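A quick write-up on the structure given underneath.
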Amino acid sequence: MQTRTEPLVFELSRTGRGAREQWPQEAPPADDLPATLRRRQRPALPEVSELDVVRHYTRLSQLNFSIDTHFYPLGSCTMKYNPKACNSLAMLPEFLARHPLAPESHGQGFLACLYELQELLKEITGMQGVALSPMAGAQGEFAGVAMIRAYHRARGDLERNEIIVPEAAHGTNPATATMCGCVVREIPVDSEGDVDLDALKAAVGPKTAGIMLTNPSTLGVFERRIEQVARIVHDAGGLLYYDGANLNAILGKVRPGDMGFDVIHMNLHKTFSTPHGGGGPGAGAVGVGSRLLPFLPVPIVGRDGDRYRWLTEKDLPQSIGRLSAFMGNAGVLLRAYVYIRMLGREGLVRVGEFATLNANYLLARLVKAGFAAAYPSRRASHEFIVTLKREARELEVTAMDFAKRLLDFGFHAPTTYFPLLVPECLLIEPTETESKETLDAFVEAMVRIRREAEDEPERVRRAPHTLPVRRLDDVRAAKQLDLTWKPATQP
Amino acid sequence: MQTRTEPLVFELSRTGRGAREQWPQEAPPADDLPATLRRRQRPALPEVSELDVVRHYTRLSQLNFSIDTHFYPLGSCTMKYNPKACNSLAMLPEFLARHPLAPESHGQGFLACLYELQELLKEITGMQGVALSPMAGAQGEFAGVAMIRAYHRARGDLERNEIIVPEAAHGTNPATATMCGCVVREIPVDSEGDVDLDALKAAVGPKTAGIMLTNPSTLGVFERRIEQVARIVHDAGGLLYYDGANLNAILGKVRPGDMGFDVIHMNLHKTFSTPHGGGGPGAGAVGVGSRLLPFLPVPIVGRDGDRYRWLTEKDLPQSIGRLSAFMGNAGVLLRAYVYIRMLGREGLVRVGEFATLNANYLLARLVKAGFAAAYPSRRASHEFIVTLKREARELEVTAMDFAKRLLDFGFHAPTTYFPLLVPECLLIEPTETESKETLDAFVEAMVRIRREAEDEPERVRRAPHTLPVRRLDDVRAAKQLDLTWKPATQP
Amino acid sequence: MAFTPHTREDVAEMLAAIGVESIEQLFDEIPANLRVKSLERIPEALSEMQIARLMTERARQDGRPLCFIGAGAYEHHIPAAVWAITTRGEFYSAYTPYQAEASQGTLQTIYEFQTMISALTGLEVANASLYDGASALAEAMLMAVRANRRSKSQRILVPTTVHPHYRKVAVATTGNQGLILETLPYSSTDGRTPLEALEPYANEDITVLVIQQPNFFGMLEDVDALTDWAHERGALVIAVVNPIALALLKPPGEWGRAGVDIAVGEGQPLGVPLSSGGPYFGFMTARMSHVRQMPGRIVGRTLDLNGNPGFTLTLQAREQHIRRGKATSNICTNQGLLVTAATIYMSLMGPEGLERVAAVSHARTRELVAALTRIQGVRPAFQGPFFHEAVLRLDKPASAVLASLAERGILGGLDLAEHYPELGSAILVCATETKTAGDIEAFASALAEAMKSVRAA
Amino acid sequence: MAFTPHTREDVAEMLAAIGVESIEQLFDEIPANLRVKSLERIPEALSEMQIARLMTERARQDGRPLCFIGAGAYEHHIPAAVWAITTRGEFYSAYTPYQAEASQGTLQTIYEFQTMISALTGLEVANASLYDGASALAEAMLMAVRANRRSKSQRILVPTTVHPHYRKVAVATTGNQGLILETLPYSSTDGRTPLEALEPYANEDITVLVIQQPNFFGMLEDVDALTDWAHERGALVIAVVNPIALALLKPPGEWGRAGVDIAVGEGQPLGVPLSSGGPYFGFMTARMSHVRQMPGRIVGRTLDLNGNPGFTLTLQAREQHIRRGKATSNICTNQGLLVTAATIYMSLMGPEGLERVAAVSHARTRELVAALTRIQGVRPAFQGPFFHEAVLRLDKPASAVLASLAERGILGGLDLAEHYPELGSAILVCATETKTAGDIEAFASALAEAMKSVRAA
Ligand SMILES: Cc1ncc(COP(=O)(O)O)c(C=O)c1O
Ligand SMILES: Cc1ncc(COP(=O)(O)O)c(C=O)c1O
């Protein structure tokens with residue numbers, strides 16, 4: 001990666017410069033618009049040449065770690081290889097040019113892909129219906145909890161507004177419950193990482209709308225008593241929500257539908273390898289069992305004979321409605337479709353198997369090297385937690401310090417300090433697309449860092465040393481807010 | 001840029017690994033092929049995953065300087081911005097899929113572009129005919145000199161086999177003459193960089209086939225007595241060849257055809273901004289005056305009414321023949337076509353003007369900063385020469401040292417030690433697409449390097465310091481040849 | 001076929017290191033009765049070559065009709081440089097920039113984006129995107145309700161001239177928290193929201209007023225009067241704006257005497273392909289005073305250990321991964337890559353280029369309206385200033401007319417029957433700078449024919 | 001419109017620094033009478049949007065017919081990763097790696113390429129590319145003549161089964177240096193070069209023998225016997241090979257008892273799109289003993305100041321920029337970017353993938369030949385082993401048949417009338433791994449119809 005920082009694009013700007021080749025050649029006056037509704041002066045966008053732009057953003061890109069350049073074992077995020085074909089095929093000119101409101105007559109090819117994707121995801125997850133429009137995991141969660149609420153409401157069961165969430169849950173779970181107007185009830189997990197069944201029993205009741213679970217959980221272990229959990233919640237009148245962020249771990253091995261979940265979301269940008277794009281876009285397709293079918297968000301793709309068509313509120317009058325202006329992240333859906341078709345049946349099974357193999361191998365090697373597993377008695381799922389509390393206590397070198405120092409060794413850091421209940425934790429997810437050599441090199445780096453932590457701890461504490469910037473002051477960032485560039489700002 | 005080196009792709013290879021997604025799913029036996037004609041063991045290509053490949057070559061790419069990332073003032077090479085649209089439009093799926101031997105009925109769109117490109121280049125250069133098939137400047141030179149020979153031969157003028165070349169000429173000029181079976185006669189230039197007319201007069205004679213000239217020359221100055229040169233050569237029965245490598249300097253200002261040249265090549269990868277691709281491909285279209293029209297290399301695109309068609313040996317029975325299996329670097333030609341259409345008449349003139357402005361400005365600033373121009377009394381063309389002979393003598397820091405140290409400052413080095421007749425020279429060509437700020441920063445770097453050369457010369461002599469490798473041992477490379485990787489090789 | 005690099009030897013060594021016999025054994029904590037029996041409805045793997053052929057055929061099946069539909073998604077020219085750079089692996093395959101030191105490329109790009117969006121809207125802070133324009137409006141409503149401490153009613157006035165899909169998304173998103181959305185009628189003569197429509201609420205507790213400019217019909221609302229009306233009554237104002245239009249139109253930060261409180265919009269016009277509806281991105285800007293109520297990621301500039309500037313995610317205490325149930329939103333993954341594209345697009349266009357795109361798009365739409373309304377039976381639905389989009393009334397059934405055009409390879413606008421049945425047979429048409437005089441001519445002559453050939457209802 | 005960044009102020013300051021009044025003045029050394037008056041036939045500038053529209057229309061005009069032409073350019077599947085990486089600016093917009101320290105990416109890629117091409121051909125050294133397969137053959141002839149010090153004749157035997165365009169390029173390129181190319185006839189029964197064809201030269205001074213494998217007709221030459229024949233007489237052997245075929249066929253380094261001296265070929269099949277004929281690249285490999293006669297760039301591995309390995313251009317003393325008139329060739333710019341693409345392609349395919357591509361292409365061609373020769377009036381021209389390409393004789397005029405197929409969107413092969421009139425009505429057909437059973441079926445049924453509808457000559 002590039003090690004020099006770049007000036008801001010605004011600093012490259014000069015009045016009168018511009019990528020004119022990109023501008024329309026005419027500049028008609030627009031004098032029909034009333035002056036009171038018009039802008040008085042042009043917006044302060046940069047004035048730069050096309051070369052300036054290309055050079056600036058190319059150089060900026062080189063300041064990033066990414067899967068295409070680095071091992072990126074960010075737990076819970078499934079940073080696997082994003083096949084290049086998924087991108088190029090989703091970006092075929094006709095797909096890119098298609099207007100979202102173009103008639104179905106001019107979208108049969110596109111709709112066929114989406115329809116088949118719905119069917120594929122049903123089979124993969126064991127659900128009865130799938131809607132593709134949610135634009136990320138969190139929006140899928142929203143759709144799911146909204147469906148749970150709509151279900152209870154439709155049955156006249158108006159009091160059910162509590163969502164149970166294990167303490168290890170991802171922040172989006174409780175946040176979603178709140179957004180859906182629910183009350184969150186957190187329950188603990190036991191020392192082996194399973195849900196505390198007694199706490200669960202105590203938590204359920206006539207106000208229980210449902211429970212949100214990831215399985216395997218964000219602790220990197222499979223919830224072994226999932227059938228009991230399902231029974232307890234169902235018996236109490238609640239429904240089970242499956243947070244699909246960790247679906248990669250069990251692909252082809254066990255299906256949420258078979259575990260008793262009533263509604264799920266899938267992160268297509270995790271399990272189905274659409275790119276993360278430096279923060280998005282993703283796609284959070286939802287799947288439901290038969291009870292929730294009527295409530296799916298619209299639009300959905302239906303088939304009449306050999307024609308595909310949009311299903312809308314007219315077809316699903318009980319739908320929770322529309323969550324996006326059009327069809328959600330359509331281009332991401334095409335990428336996921338291509339990916340699944342390339343994997344096929346056998347490939348899907350292979351994903352679950354090799355993601356799990358890689359995680360267990362990496363865990364075994366790290367434990368052998370003296371690192372502490374958070375759940376030493378358990379199998380890893382596709383990810384696992386190492387806790388550095390001993391290192392933090394004895395060497396005063398924290399998980400964050402390890403994380404930053406890993407950057408110097410050319411590895412993106414694992415997820416740090418999540419889940420919150422494990423102290424000084426690193427949540428490590430290697431994914432199935434990484435090779436044994438890469439995992440071995442990562443172990444070696446971890447061992448070297450621990451040795452450094454013993455020999456010259458300051459080196460670790462002040463890492464990174466070889467990146468374009470040294471460790472950044474987050475506290476200052478939040479206190480002295482500098483969120484937009486102003487000509488005079490000097491940080 | 002990335003500062004870590006990469007292992008070789010072979011070092012990443014593991015038996016049994018592979019990007020299977022890319023392979024055909026079948027493996028038919030091919031048992032109809034006789035064993036004596038078959039391979040006994042598979043070739044030792046790397047066995048790596050798609051992620052391995054993507055990561056490896058992405059990281060390798062980051063080890064390069066390029067226009068998209070760095071100022072690249074490599075004299076004689078015209079490293080200007082390569083517009084992205086030229087690439088994407090030349091790579092439209094239908095253009096990429098078109099077979100070179102597809103019938104004309106399935107190539108009217110493509111042929112229209114080539115035909116128009118021929119016409120545009122004629123107008124730009126003032127020539128009467130253009131052939132696009134030569135695949136680089138040197139092949140254009142070959143075509144040109146071959147045409148000159150064919151012309152003399154056709155007239156029964158069989159003794160003319162001498163090609164005159166000024167000593168500042170690019171190496172391809174004499175090399176081409178030799179390839180065409182000619183004898184090279186070098187002539188000197190005078191102290192102001194113009195051809196020594198007396199020497200020229202002495203050199204011409206009944207054996208003179210022609211002269212090869214760049215104008216402006218590779219000394220960065222315009223040959224002011226070009227009309228006299230033309231007269232002398234023509235009077236002696238020779239023809240004038242124009243090496244178009246420096247056409248950028250005079251675009252829209254003066255045309256080779258008007259200067260008296262009989263044949264020219266253009267480097268579309270220089271003047272017309274097709275990319276250099278780390279060494280190629282280029283395109284070396286040739287243009288001719290009326291005398292050489294019958295000898296143009298085939299194929300050429302002709303027009304009958306509103307249909308375009310290939311012209312071949314049948315249409316041009318005196319042609320020097322075919323220089324490429326098909327249509328030369330067709331995709332490069334499309335890029336040049338797009339570029340010229342985007343520039344239009346006014347844009348072409350602008351190129352010449354601003355390339356010249358940038359060069360003269362940079363020269364003026366460097367001279368002001370105390371560097372010595374090789375031709376201080378002259379205007380710069382689009383490039384100019386600075387000679388560091390004083391620095392080499394007084395500080396024992398060479399042009400090569402300056403060049404290497406510039407890399408540390410984030411600038412690609414100018415061309416060094418060419419032309420050979422100017423000692424310790426840097427041939428500097430900023431091109432028109434660079435901004436004043438970039439030129440100013442380059443001057444500043446040159447000044448700082450000279451200061452370093454005074455204060456801590458070893459720092460300059462041992463440069464670069466911040467690149468993925470330190471200065472490389474070229475002598476060792478040539479002596480202990482290591483040209484392919486072998487499992488055991490340790491350099 | 002799963003992009004896995006493992007050789008047989010690798011697997012053997014790895015299993016040995018773990019201490020198990022088979023991969024299967026790694027799944028032994030999963031109750032046996034739950035194990036998948038088969039995935040029989042999943043087809044066999046396709047090689048890249050095979051899927052490429054399939055997708056190419058499907059794409060060709062959909063063709064490339066000449067499109068005059070706008071309605072929230074606009075076909076603008078996208079410079080080749082935008083996606084050439086955006087799809088670079090370092091942008092494309094990176095995650096959210098949690099490790100700031102290893103993500104300066106993405107972080108600086110977002111900081112630049114925030115600055116540009118602020119410049120366009122005239123407001124002080126912007127976030128790093130929401131899912132799309134519609135979800136950005138819904139989030140803005142939740143944010144405004146939190147921010148408006150003076151109002152208790154959670155009542156939001158939403159003109160009918162706001163994009164109908166946006167209104168639906170707002171209902172679906174905010175309904176569970178009890179927000180009450182009330183619709184305001186439009187004037188049938190000028191297609192705008194008249195001040196009179198607000199009168200019934202003059203003395204009510206209203207939390208928020210939403211204004212879309214240009215509105216769904218392409219008409220220009222009287223944004224100053226509407227904004228001031230709301231502010232005078234203690235309501236906050238949310239603007240829904242088209243970022244290209246903002247190159248010409250008054251920025252929401254200057255609407256009325258004080259400017260709006262929050263502005264949102266669909267970022268798609270800024271270099272993002274139509275792509276059947278997504279991925280696009282929603283942008284959101286607001287006054288600095290509301291920053292702590294903002295949903296989504298925000299990038300700030302700070303200093304590193306050496307005192308050099310650098311960029312990092314900031315104000316994370318608003319977000320779900322820290323604040324969980326009390327976060328400003330559940331959003332986590334956003335639309336980062338599209339923000340990168342938009343930032344590159346805005347850099348290429350600059351103030352003048354963007355203004356030209358807006359002005360030419362508008363001019364083309366005016367020419368289009370002029371050409372189409374010359375046809376017998378076609379007339380403008382509304383009088384008054386419009387921008388870049390317009391409603392036309394037809395005296396033949398719109399659906400049949402559009403179907404007939406589509407057969408000729410022309411997508412002639414959006415049928416308004418579903419959302420605005422009161423308009424009768426009406427279509428919303430749009431031209432951008434991508435349309436030539438020839439395209440407009442082609443549309444006009446196809447429409448003239450269709451109007452003749454289609455039967456009256 | 002020229003991608004120039006200069007503002008009016010920039011120009012003023014720059015002119016002042018130079019000390020001139022106007023840009024015009026910078027051209028004052030050019031004789032006034034020579035100055036361009038106008039470029040009136042150059043049209044006005046188009047914006048990127050306008051040229052994009054024009055090019056898209058032209059591309060669509062050419063369509064995407066189903067193509068069964070081979071004849072030196074082959075439609076293989078190109079993995080998406082190949083060009084996604086090759087077009088990265090750092091590869092795409094770099095120059096020849098003269099400054100090695102700033103070009104390790106390109107240099108290492110070439111070193112890897114050299115190694116891969118050596119592995120495929122079984123020879124020791126490879127260069128960094130020549131323009132295309134045809135020019136590589138011409139350069140190989142010049143090189144072989146230089147390298148063969150024992151022979152004085154400059155006579156080169158070239159079978160008629162060598163690609164006719166390659167033979168033409170060889171003549172055009174080497175003729176001026178006096179090389180004499182003599183053609184060898186082929187057997188009309190098996191389409192190969194019979195040893196008898198060589199007999200007339202048995203006691204002559206022959207400098208070089210060229211052998212193409214598979215030959216232009218797709219037939220497999222008896223390479224061992226031919227190679228040995230030449231070597232026994234002191235001639236060098238140049239092989240012309242298809243790199244995909246080399247995954248299955250005996251590498252030229254193993255032909256005969258000693259292997260050939262030089263092997264060249266067209267690199268296009270290795271991940272380079274058909275693109276109407278270029279840019280492609282020629283590859284060249286040879287025995288180490290000939291390396292100093294090799295044209296083109298060569299990369300070597302060496303050490304840096306710190307003793308770490310790195311890559312650099314080497315043996316430059318062979319090249320024009322050092323040796324000028326005495327260089328091994330005038331080549332300077334080569335086909336670097338295509339070498340990058342091919343290196344990525346070969347890495348993705350590896351030994352097994354490449355073998356499959358070869359085997360499936362061959363299997364498809366066999367199926368094609370079987371399907372087509374079932375049609376009345378279509379029969380194979382030659383007997384014997386072929387690879388991946390075949391000549392068919394038709395009892396109707398080939399040109400009319402092909403034209404009729406083309407109207408149906410099928411490019412049914414190459415008419416051999418121009419180059420091999422003695423074959424009568426004959427076409428050269430080819431299928432690669434990209435063709436499905438359905439494609440072959442479509443070709444067969446279209447050909448059956450065409451054979452019926454076209455009149456006999
Ligand atoms: C466990 C878990 N749940 C939910 C989410 C939210 O998904 P998204 O980021 O797509 O909204 C994530 C991802 O970050 C996650 O890791
Ligand atoms: C002056 C001059 N002439 C000729 C050439 C040869 O052109 P090419 O490299 O395209 O063969 C070059 C380029 O390097 C050059 O600079």
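Residues in the structure tokens are named by chain (A, B, ... in the order shown) and by number from 1 within that chain; ligands are numbered from 1 in the order shown.
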
List as a PyMOL selection string the protein and nucleic acid residues near stretch 454-464 of chain B, meaning an atom at most 10 Å away when only C-alpha atoms are counted, but skip any in the same chain fewer than 3 places from it. (chain B and resi 391+394-398+400-409+448-451+467-472) or (chain D and resi 101-102+305)

Take the residues from that selection and write them out as a short mmCIF file (atom, residue, chain, number, x, y, z; two decimals), in the first residue's frame, keeping N, CA and C atoms.
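Now in result-v6.cif:
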data_model
loop_
_atom_site.label_atom_id
_atom_site.label_comp_id
_atom_site.auth_asym_id
_atom_site.auth_seq_id
_atom_site.Cartn_x
_atom_site.Cartn_y
_atom_site.Cartn_z
N GLU B 391 27.15 19.44 -12.06
CA GLU B 391 26.89 18.70 -10.82
C GLU B 391 27.73 17.42 -10.77
N GLU B 394 31.43 18.64 -10.20
CA GLU B 394 31.74 19.28 -8.92
C GLU B 394 31.28 18.47 -7.71
N LEU B 395 30.18 17.79 -7.85
CA LEU B 395 29.62 17.11 -6.69
C LEU B 395 29.71 15.59 -6.81
N GLU B 396 30.13 15.14 -7.98
CA GLU B 396 30.17 13.69 -8.23
C GLU B 396 28.83 13.03 -8.00
N VAL B 397 27.82 13.73 -8.41
CA VAL B 397 26.47 13.18 -8.37
C VAL B 397 25.96 13.24 -9.80
N THR B 398 25.56 12.09 -10.31
CA THR B 398 25.28 12.00 -11.75
C THR B 398 23.79 12.23 -12.06
N MET B 400 21.99 10.02 -13.31
CA MET B 400 21.32 8.82 -12.82
C MET B 400 20.98 8.95 -11.34
N ASP B 401 21.90 9.54 -10.57
CA ASP B 401 21.62 9.72 -9.15
C ASP B 401 20.43 10.66 -8.94
N PHE B 402 20.43 11.74 -9.68
CA PHE B 402 19.27 12.63 -9.61
C PHE B 402 17.98 11.87 -9.96
N ALA B 403 18.07 11.10 -11.01
CA ALA B 403 16.89 10.37 -11.47
C ALA B 403 16.36 9.45 -10.37
N LYS B 404 17.28 8.72 -9.76
CA LYS B 404 16.85 7.76 -8.73
C LYS B 404 16.31 8.50 -7.51
N ARG B 405 16.93 9.61 -7.18
CA ARG B 405 16.47 10.34 -6.00
C ARG B 405 15.10 10.97 -6.24
N LEU B 406 14.83 11.36 -7.49
CA LEU B 406 13.50 11.90 -7.81
C LEU B 406 12.41 10.89 -7.47
N LEU B 407 12.71 9.63 -7.64
CA LEU B 407 11.71 8.61 -7.32
C LEU B 407 11.27 8.72 -5.87
N ASP B 408 12.23 8.99 -5.00
CA ASP B 408 11.90 9.13 -3.58
C ASP B 408 10.96 10.31 -3.33
N PHE B 409 11.05 11.30 -4.19
CA PHE B 409 10.16 12.46 -4.04
C PHE B 409 8.82 12.25 -4.73
N ARG B 448 15.92 20.63 -4.10
CA ARG B 448 16.27 19.94 -2.86
C ARG B 448 17.31 18.87 -3.10
N ILE B 449 17.20 18.19 -4.20
CA ILE B 449 18.17 17.13 -4.48
C ILE B 449 19.55 17.74 -4.70
N ARG B 450 19.59 18.88 -5.37
CA ARG B 450 20.91 19.49 -5.55
C ARG B 450 21.49 19.92 -4.21
N ARG B 451 20.61 20.42 -3.36
CA ARG B 451 21.11 20.80 -2.03
C ARG B 451 21.64 19.56 -1.30
N LEU B 467 11.62 3.12 -1.96
CA LEU B 467 10.89 2.28 -2.89
C LEU B 467 10.94 0.82 -2.46
N PRO B 468 10.19 -0.01 -3.10
CA PRO B 468 10.16 -1.41 -2.66
C PRO B 468 11.53 -2.09 -2.72
N VAL B 469 12.36 -1.66 -3.66
CA VAL B 469 13.74 -2.17 -3.67
C VAL B 469 14.69 -0.98 -3.69
N ARG B 470 15.89 -1.23 -3.25
CA ARG B 470 16.95 -0.21 -3.36
C ARG B 470 17.56 -0.29 -4.76
N ARG B 471 18.59 0.52 -4.99
CA ARG B 471 19.11 0.55 -6.35
C ARG B 471 19.57 -0.84 -6.78
N LEU B 472 19.20 -1.21 -7.99
CA LEU B 472 19.42 -2.58 -8.46
C LEU B 472 20.72 -2.69 -9.22
N GLU D 101 13.47 0.45 -10.23
CA GLU D 101 13.01 0.53 -8.84
C GLU D 101 11.57 1.01 -8.75
N ALA D 102 11.13 1.73 -9.76
CA ALA D 102 9.77 2.26 -9.75
C ALA D 102 8.85 1.44 -10.65
N LEU D 305 21.03 -2.85 -3.65
CA LEU D 305 22.10 -2.39 -2.75
C LEU D 305 22.13 -3.13 -1.43
#

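Here the helix (DSSP H, G or I) residues in stretch 179-253 of chain B, by DSSP on the backbone, are Met179, Leu197, Asp198, Ala199, Leu200, Lys201, Ala202, Ala203, Ile226, Glu227, Gln228, Val229, Ala230, Arg231, Ile232, Val233, His234, Asp235, Leu247, Asn248, Ala249 and Ile250 of chain B.
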
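When atom CA of D:Met294 is paired with atom CA of D:Asn334, their separation reads 14.0 Å.
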
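Distance annotation: of D:Leu249, D:Gln335, D:Met49, D:Leu416, the residue with the minimal separation from B:Ala283 is D:Gln335; atom set is only C-alpha atoms.
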
Hey, which residues sit close to ligand 1? Say within 8 Å, counting only C-alpha atoms and all ligand atoms, and write them as a ChimeraX atom specification. /A:75-77,135-141,169-173,214,217-218,243-246,267,269,280,282-284 /C:330-334

Identify all chain A residues at most 9 Å from chain D by counting only C-alpha atoms; ligands do not count. Present them as a VMD selection string. chain A and resid 14 to 25 48 to 52 54 58 83 to 89

Kindly save the residues from that selection, with N, CA and C atoms included, as a CSV table (one decimal), in the first residue's frame.
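See part34.csv below for the written result:
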chain,number,residue,atom,x,y,z
A,14,ARG,N,-8.5,24.6,-8.4
A,14,ARG,CA,-8.2,26.0,-8.8
A,14,ARG,C,-9.3,26.5,-9.6
A,15,THR,N,-9.7,27.7,-9.3
A,15,THR,CA,-10.8,28.4,-10.0
A,15,THR,C,-10.6,28.4,-11.5
A,16,GLY,N,-11.6,27.8,-12.2
A,16,GLY,CA,-11.4,27.8,-13.6
A,16,GLY,C,-10.9,26.5,-14.2
A,17,ARG,N,-10.4,25.7,-13.3
A,17,ARG,CA,-10.0,24.3,-13.8
A,17,ARG,C,-11.2,23.4,-13.9
A,18,GLY,N,-11.1,22.3,-14.6
A,18,GLY,CA,-12.3,21.4,-14.7
A,18,GLY,C,-12.1,20.4,-15.7
A,19,ALA,N,-12.8,19.3,-15.5
A,19,ALA,CA,-12.8,18.2,-16.4
A,19,ALA,C,-13.8,18.4,-17.5
A,20,ARG,N,-13.6,19.4,-18.3
A,20,ARG,CA,-14.5,19.9,-19.3
A,20,ARG,C,-15.0,18.8,-20.3
A,21,GLU,N,-14.2,17.8,-20.5
A,21,GLU,CA,-14.6,16.7,-21.4
A,21,GLU,C,-15.8,16.0,-20.9
A,22,GLN,N,-16.1,16.2,-19.6
A,22,GLN,CA,-17.2,15.5,-19.0
A,22,GLN,C,-18.4,16.3,-19.0
A,23,TRP,N,-18.3,17.6,-19.3
A,23,TRP,CA,-19.5,18.5,-19.2
A,23,TRP,C,-20.3,18.5,-20.4
A,24,PRO,N,-21.5,18.7,-20.3
A,24,PRO,CA,-22.3,19.0,-21.6
A,24,PRO,C,-21.7,20.3,-22.2
A,25,GLN,N,-21.7,20.3,-23.5
A,25,GLN,CA,-21.1,21.4,-24.2
A,25,GLN,C,-22.0,22.7,-24.2
A,48,VAL,N,-11.2,20.6,-10.7
A,48,VAL,CA,-10.0,19.8,-10.9
A,48,VAL,C,-10.1,19.2,-12.3
A,49,SER,N,-8.9,18.8,-12.8
A,49,SER,CA,-8.9,18.1,-14.1
A,49,SER,C,-9.2,16.6,-14.0
A,50,GLU,N,-9.5,16.0,-15.1
A,50,GLU,CA,-9.7,14.5,-15.0
A,50,GLU,C,-8.5,13.8,-14.5
A,51,LEU,N,-7.3,14.2,-14.9
A,51,LEU,CA,-6.1,13.6,-14.4
A,51,LEU,C,-6.0,13.8,-12.9
A,52,ASP,N,-6.3,15.0,-12.4
A,52,ASP,CA,-6.3,15.2,-11.0
A,52,ASP,C,-7.1,14.2,-10.3
A,54,VAL,N,-8.4,11.3,-11.3
A,54,VAL,CA,-7.9,9.9,-11.5
A,54,VAL,C,-6.7,9.7,-10.5
A,58,THR,N,-7.1,7.3,-7.3
A,58,THR,CA,-6.2,6.1,-7.4
A,58,THR,C,-5.3,6.0,-6.2
A,83,PRO,N,-15.7,-12.6,-6.0
A,83,PRO,CA,-15.2,-13.0,-7.4
A,83,PRO,C,-15.5,-11.8,-8.4
A,84,LYS,N,-14.5,-11.6,-9.3
A,84,LYS,CA,-14.6,-10.5,-10.2
A,84,LYS,C,-15.7,-10.7,-11.2
A,85,ALA,N,-16.1,-11.9,-11.5
A,85,ALA,CA,-17.2,-12.1,-12.5
A,85,ALA,C,-18.5,-11.6,-11.9
A,86,CYS,N,-18.7,-11.7,-10.6
A,86,CYS,CA,-19.9,-11.2,-10.0
A,86,CYS,C,-20.1,-9.8,-10.3
A,87,ASN,N,-19.0,-9.0,-10.3
A,87,ASN,CA,-19.1,-7.6,-10.6
A,87,ASN,C,-19.3,-7.4,-12.0
A,88,SER,N,-18.5,-8.0,-12.9
A,88,SER,CA,-18.6,-7.7,-14.3
A,88,SER,C,-19.9,-8.1,-14.9
A,89,LEU,N,-20.5,-9.2,-14.4
A,89,LEU,CA,-21.7,-9.6,-15.0
A,89,LEU,C,-22.9,-8.8,-14.5

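Restricting the calculation to only C-alpha atoms, the smallest distance between B:Ser191 and any of B:Pro29, B:Pro423, B:Pro216, B:Pro376 is found for B:Pro376.
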
Residue with smallest distance to chain D - pool C:Arg393, C:Arg64, C:His388, C:Arg287, counting only C-alpha atoms: C:Arg64

Using only C-alpha atoms, determine which residues lie at most 7 Å from stretch 33-42 of chain B, disregarding the query and same-chain residues fewer than 6 positions distant; provide the list as a VMD selection string. chain D and resid 247 to 251 351 385

Taking 2 positions as the minimum chain separation for residues in the same chain, which residues sit within 9 Å of B:Tyr115 when counting only C-alpha atoms? Answer as number ranges by chain. B: 110-113, 117-120, 300-303, 308
